[in-house]
$ cat input19.csv   # CSV, C-alpha atoms
chain,number,residue,atom,x,y,z
B,1,MET,CA,24.7,13.6,-53.5
B,2,ILE,CA,26.7,15.0,-50.6
B,3,LYS,CA,23.8,17.4,-49.8
B,4,LYS,CA,21.3,14.5,-49.9
B,5,ALA,CA,23.5,12.5,-47.6
B,6,LEU,CA,23.9,15.4,-45.2
B,7,GLY,CA,20.1,15.8,-45.2
B,8,ILE,CA,19.6,12.1,-44.3
B,9,ILE,CA,22.1,12.4,-41.4
B,10,ALA,CA,20.4,15.5,-40.1
B,11,ILE,CA,17.0,13.8,-40.1
B,12,ALA,CA,18.4,10.8,-38.3
B,13,ALA,CA,20.0,13.1,-35.7
B,14,VAL,CA,16.6,14.8,-35.1
B,15,MET,CA,14.9,11.4,-34.7
B,16,ALA,CA,17.5,10.2,-32.3
B,17,SER,CA,17.2,13.4,-30.3
B,18,CYS,CA,13.4,12.9,-30.1
B,19,GLY,CA,13.9,9.3,-29.0
B,20,ASN,CA,16.2,10.4,-26.2
B,21,LYS,CA,13.8,13.1,-25.1
B,22,GLU,CA,11.0,10.5,-24.9
B,23,GLN,CA,13.1,8.2,-22.9
B,24,LYS,CA,14.0,11.0,-20.4
B,25,LYS,CA,10.4,11.9,-20.1
B,26,GLU,CA,9.5,8.3,-19.2
B,27,ALA,CA,12.3,8.1,-16.7
B,28,CYS,CA,11.1,11.4,-15.2
B,29,CYS,CA,7.5,10.2,-15.0
B,30,ASP,CA,8.7,7.0,-13.2
B,31,LYS,CA,10.3,9.2,-10.5
B,32,GLU,CA,6.9,10.9,-9.9
B,33,ILE,CA,5.7,7.7,-8.1
B,34,ALA,CA,6.7,8.2,-4.5
B,35,LYS,CA,8.2,5.1,-2.8
B,36,VAL,CA,7.2,5.3,0.9
B,37,THR,CA,6.7,3.4,4.1
B,38,VAL,CA,3.4,3.1,6.0
B,39,ASP,CA,4.8,5.3,8.8
B,40,GLN,CA,5.8,8.1,6.3
B,41,VAL,CA,2.3,8.1,4.8
B,42,MET,CA,0.5,8.0,8.2
B,43,GLU,CA,2.5,11.0,9.4
B,44,ASN,CA,1.1,13.3,6.8
B,45,MET,CA,-1.8,11.7,4.9
B,46,GLN,CA,-3.0,14.9,3.1
B,47,THR,CA,0.3,15.2,1.3
B,48,TYR,CA,-0.3,11.9,-0.6
B,49,VAL,CA,-4.0,12.2,-1.4
B,50,ASP,CA,-4.8,11.3,-5.0
B,51,LYS,CA,-1.1,10.6,-5.7
B,52,ASP,CA,0.4,7.4,-7.1
B,53,LEU,CA,2.4,5.5,-4.4
B,54,VAL,CA,4.6,2.5,-4.0
B,55,ILE,CA,4.2,1.6,-0.3
B,56,VAL,CA,6.0,-1.1,1.7
B,57,GLY,CA,4.6,-2.8,4.8
B,58,THR,CA,3.6,-6.0,6.6
B,59,VAL,CA,0.1,-7.4,6.3
B,60,ASN,CA,-1.5,-7.6,9.7
B,61,HIS,CA,-5.1,-8.3,8.6
B,62,VAL,CA,-7.1,-9.5,5.6
B,63,CYS,CA,-10.9,-9.3,5.8
B,64,ALA,CA,-12.4,-12.8,5.7
B,65,HIS,CA,-15.5,-11.4,4.2
B,66,GLY,CA,-14.7,-11.4,0.5
B,67,GLY,CA,-11.0,-10.5,0.8
B,68,LYS,CA,-11.7,-6.9,-0.4
B,69,ARG,CA,-9.7,-5.2,2.4
B,70,MET,CA,-6.1,-5.7,3.5
B,71,PHE,CA,-4.4,-3.8,6.2
B,72,ILE,CA,-0.6,-3.2,6.3
B,73,MET,CA,1.5,-1.8,9.0
B,74,GLY,CA,5.0,-0.3,9.3
B,75,GLU,CA,7.3,-0.2,12.3
B,76,ASN,CA,4.4,0.6,14.7
B,77,PRO,CA,2.1,-2.5,14.9
B,78,ASP,CA,-0.8,-0.3,16.3
B,79,VAL,CA,-1.0,1.8,13.1
B,80,ALA,CA,-2.2,0.3,9.8
B,81,ILE,CA,-3.5,1.6,6.5
B,82,LYS,CA,-6.2,-0.1,4.5
B,83,ILE,CA,-5.6,-1.4,1.0
B,84,THR,CA,-8.5,-2.2,-1.5
B,85,PRO,CA,-7.9,-4.2,-4.7
B,86,ASN,CA,-8.8,-3.1,-8.2
B,87,GLU,CA,-10.6,-5.5,-10.6
B,88,ASP,CA,-7.3,-7.0,-11.9
B,89,ILE,CA,-6.3,-8.1,-8.4
B,90,GLY,CA,-9.8,-9.2,-7.4
B,91,VAL,CA,-9.3,-10.2,-3.8
B,92,PHE,CA,-6.6,-10.6,-1.2
B,93,GLU,CA,-6.0,-14.0,0.3
B,94,LYS,CA,-6.1,-14.6,4.0
B,95,GLU,CA,-2.7,-16.4,3.7
B,96,LEU,CA,-1.1,-13.0,3.1
B,97,GLU,CA,-1.3,-12.1,6.8
B,98,GLY,CA,2.3,-11.7,8.1
B,99,SER,CA,3.8,-11.2,4.7
B,100,HIS,CA,5.9,-8.3,3.6
B,101,VAL,CA,4.3,-6.6,0.6
B,102,VAL,CA,5.0,-3.8,-1.9
B,103,VAL,CA,1.8,-2.2,-3.0
B,104,THR,CA,1.3,0.2,-6.0
B,105,GLY,CA,-1.8,2.4,-5.9
B,106,VAL,CA,-3.5,5.7,-5.2
B,107,LEU,CA,-4.2,7.2,-1.8
B,108,LYS,CA,-7.9,8.1,-1.4
B,109,GLU,CA,-9.7,10.2,1.1
B,110,LEU,CA,-13.3,10.0,2.4
B,111,ARG,CA,-14.6,13.0,4.4
B,112,ILE,CA,-17.2,12.1,7.0
B,113,ASP,CA,-19.7,14.6,8.3
B,114,GLU,CA,-23.1,14.4,10.0
B,115,ALA,CA,-25.0,14.2,6.7
B,116,TYR,CA,-22.8,11.3,5.6
B,117,VAL,CA,-23.4,9.4,8.9
B,118,ALA,CA,-27.2,9.8,8.6
B,119,ASN,CA,-27.1,8.4,5.0
B,120,LEU,CA,-24.8,5.6,6.2
B,121,GLU,CA,-27.2,4.6,8.9
B,122,ALA,CA,-30.0,4.3,6.4
B,123,GLU,CA,-27.8,2.4,4.0
B,124,ILE,CA,-26.7,-0.1,6.6
B,125,ALA,CA,-30.3,-0.5,7.9
B,126,GLU,CA,-31.3,-1.6,4.3
B,127,GLY,CA,-28.5,-4.3,4.4
B,128,GLY,CA,-25.9,-2.3,2.5
B,129,ASP,CA,-22.1,-2.3,3.0
B,130,ASN,CA,-19.8,0.7,3.3
B,131,GLU,CA,-16.1,1.3,3.6
B,132,ALA,CA,-16.6,3.8,6.4
B,133,VAL,CA,-17.9,1.2,8.8
B,134,HIS,CA,-15.1,-1.2,7.9
B,135,ASP,CA,-12.5,1.6,8.3
B,136,HIS,CA,-13.8,2.6,11.7
B,137,SER,CA,-13.3,-0.9,13.0
B,138,GLY,CA,-9.5,-0.5,12.4
B,139,GLY,CA,-9.4,-3.7,10.3
B,140,LYS,CA,-10.2,-5.9,13.3
B,141,HIS,CA,-14.0,-6.3,12.9
B,142,GLU,CA,-15.7,-9.7,12.9
B,143,GLU,CA,-17.3,-11.1,9.8
B,144,GLU,CA,-20.8,-10.8,11.3
B,145,GLU,CA,-21.0,-7.6,13.2
B,146,ALA,CA,-23.7,-7.3,15.9
B,147,GLU,CA,-26.3,-4.6,15.7
B,148,ASP,CA,-25.1,-2.9,18.9
B,149,GLU,CA,-21.6,-2.8,17.6
B,150,LYS,CA,-22.7,-0.9,14.5
B,151,LYS,CA,-24.6,1.6,16.7
B,152,ALA,CA,-21.4,2.0,18.7
B,153,GLN,CA,-19.5,2.8,15.5
B,154,PHE,CA,-22.0,5.4,14.5
B,155,LYS,CA,-21.8,7.0,17.9
B,156,ALA,CA,-18.0,7.0,17.7
B,157,MET,CA,-18.2,8.6,14.2
B,158,ARG,CA,-20.4,11.4,15.6
B,159,THR,CA,-18.0,11.9,18.5
B,160,GLU,CA,-15.1,12.3,16.0
B,161,ILE,CA,-17.1,14.8,14.0
B,162,ALA,CA,-18.0,16.8,17.1
B,163,GLU,CA,-14.3,16.9,18.2
B,164,SER,CA,-13.1,18.0,14.7
B,165,GLU,CA,-12.4,21.6,13.9
B,166,ASN,CA,-13.8,21.4,10.3
B,167,GLY,CA,-17.1,19.6,11.0
B,168,TYR,CA,-15.8,16.4,9.5
B,169,TYR,CA,-13.0,13.9,9.8
B,170,SER,CA,-11.2,11.9,7.1
B,171,GLN,CA,-10.6,8.3,6.4
B,172,PHE,CA,-7.9,7.2,4.1
B,173,TRP,CA,-7.1,4.1,2.1
B,174,ILE,CA,-5.1,3.0,-0.9
B,175,GLU,CA,-6.7,1.7,-4.1
B,176,ALA,CA,-4.2,-0.9,-5.2
B,177,THR,CA,-3.4,-1.5,-8.9
B,178,LYS,CA,-0.8,-4.2,-8.1
B,179,PHE,CA,1.1,-5.7,-5.3
B,180,GLU,CA,3.9,-8.3,-4.7
B,181,VAL,CA,5.1,-10.3,-1.8
B,182,LYS,CA,8.7,-9.7,-0.8
B,183,GLU,CA,10.6,-12.7,0.6
B,184,CYS,CA,13.2,-10.4,2.2
B,185,ASP,CA,13.3,-12.2,5.6
B,186,HIS,CA,13.7,-15.6,3.9
B,187,GLU,CA,16.5,-14.4,1.7
B,188,HIS,CA,18.2,-12.7,4.7
B,189,ASP,CA,17.9,-15.9,6.8
B,190,HIS,CA,19.3,-17.9,3.9
B,191,GLY,CA,22.2,-15.6,3.6
B,192,ASP,CA,22.9,-15.8,7.3
B,193,ALA,CA,22.8,-19.6,7.1
B,194,GLU,CA,25.3,-19.7,4.3
B,195,GLU,CA,27.5,-17.3,6.1
B,196,ALA,CA,27.3,-19.3,9.3
B,197,GLU,CA,28.0,-22.5,7.4
B,198,GLU,CA,31.0,-21.0,5.7
B,199,HIS,CA,32.3,-19.7,9.0
B,200,ASP,CA,31.9,-23.1,10.6
B,201,HIS,CA,33.7,-24.7,7.7
B,202,GLU,CA,36.6,-22.3,8.0
B,203,HIS,CA,36.7,-22.8,11.7
B,204,GLU,CA,36.8,-26.6,11.3
B,205,HIS,CA,39.5,-26.3,8.7
B,206,GLY,CA,41.5,-24.1,11.0
B,207,GLU,CA,41.2,-26.6,13.8
B,208,GLU,CA,42.4,-29.4,11.6
B,209,HIS,CA,45.3,-27.3,10.4
B,210,GLN,CA,46.3,-26.6,14.0
B,211,HIS,CA,46.1,-30.3,14.8

$ encode --input "input19.csv" --output "C-alpha cells"
Amino acid sequence: MIKKALGIIAIAAVMASCGNKEQKKEACCDKEIAKVTVDQVMENMQTYVDKDLVIVGTVNHVCAHGGKRMFIMGENPDVAIKITPNEDIGVFEKELEGSHVVVTGVLKELRIDEAYVANLEAEIAEGGDNEAVHDHSGGKHEEEEAEDEKKAQFKAMRTEIAESENGYYSQFWIEATKFEVKECDHEHDHGDAEEAEEHDHEHEHGEEHQH
C-alpha cells in the first residue's frame, strides 16, 4: 500500500514537472517577440526580416483606396514604415490617422531589380496594382495617380537600382496580425488634470486656513 502511494506521488511529481516545463517554454517563446519602436526597426531593417515584432508608433497616413495600407512613424516624422492588414483585420480606417498604435506582425522584404521593374511596368499597364508602387510613394500618393507620376516612379526605381551596390534595393513593410490603439496621451492628460485639480484644491484650502 505504501509502495503504491509512493508510486502515485512520483507520477504526480513528474506530471507537475512537465507542466512547469511547458509553462516556462511558453514564457520563453513569448520573449522571442521583439518589442520595438519604428526608429529601432528603421535603423537596421535586415535584422528584423521575417521576425515577429510588436512595434509602437503614430499613424501618419492611411491609404484612402481600400484601407489596405497604413503608415506609422516614430520620433522622426519624416520616416515611416508601411503596415498591411491580414484577413482578420481586413482594412485600416482613415480615422486612425494621428493615433498611437501597437502593431503585432512580421517584417517582410521585397528586393527590386531591373527585371522586377520591367514586369511591374507591364502589370501596371494592364491595370494591376502593386505594393512596390505604393511603397515608392512614401505613403503620400493620391488615390488616382497620374500616368506621368507612375513613369516618374519607375524612373526613380531604376535610379535606386543603378546606385545600389547589389543590383537591387529593398522595400520593407510589416504584415500585421493584430493592432490596438493606445490612449496614452488621453490618460496622461487626464492624470495631469486630476493632479492640477488636487493641487488647486490644496492651495485653496491652504489660503482658507491662513485666512

$ closest_atom_pairs --input "input19.csv" --of "range 26-113 of chain B" --to "range 157-160 of chain B" --cutoff "12 Å" --atoms "all atoms listed in the file" --output "JSON lines"
{"residue": "B:Arg111", "atom": "CA", "partner": "B:Met157", "partner_atom": "CA", "distance": 11.3}
{"residue": "B:Ile112", "atom": "CA", "partner": "B:Met157", "partner_atom": "CA", "distance": 8.1}
{"residue": "B:Asp113", "atom": "CA", "partner": "B:Arg158", "partner_atom": "CA", "distance": 8.0}

$ closest_residue --input "input19.csv" --among "B:Glu97, B:Glu163, B:Glu121, B:Glu175" --to "Pro85 in chain B" --atoms "all atoms listed in the file"
B:Glu175

$ atom_distance --input "input19.csv" --atom1 "CA of Lys151 in chain B" --atom2 "CA of Ala122 in chain B"
11.9 Å

$ residues_near_point --input "input19.csv" --point "(-8.1, -7.3, -10.0)" --cutoff "12 Å" --atoms "all atoms listed in the file" --output "MDAnalysis selection string"
chainID B and resid 67:68 84:92 175:179

$ atom_distance --input "input19.csv" --atom1 "CA of Ala156 in chain B" --atom2 "CA of Asn119 in chain B"
15.7 Å

$ closest_residue --input "input19.csv" --among "B:Glu123, B:Gln46, B:Asn76, B:Glu95" --to "Ala64 in chain B" --atoms "all atoms listed in the file"
B:Glu95

$ residues_near_point --input "input19.csv" --point "(3.2, 6.6, 8.8)" --cutoff "9 Å" --atoms "all atoms listed in the file" --output "JSON, numbers by chain"
{"B": [36, 37, 38, 39, 40, 41, 42, 43, 44, 45, 73, 74, 75, 76, 79, 80, 81]}

$ residues_around --input "input19.csv" --residues "range 52-63 of chain B" --least-positions-apart "2" --cutoff "8 Å" --atoms "all atoms listed in the file" --output "ChimeraX atom specification"
/B:32-38,48,50,65-74,80,92-94,96-107,139-140,143
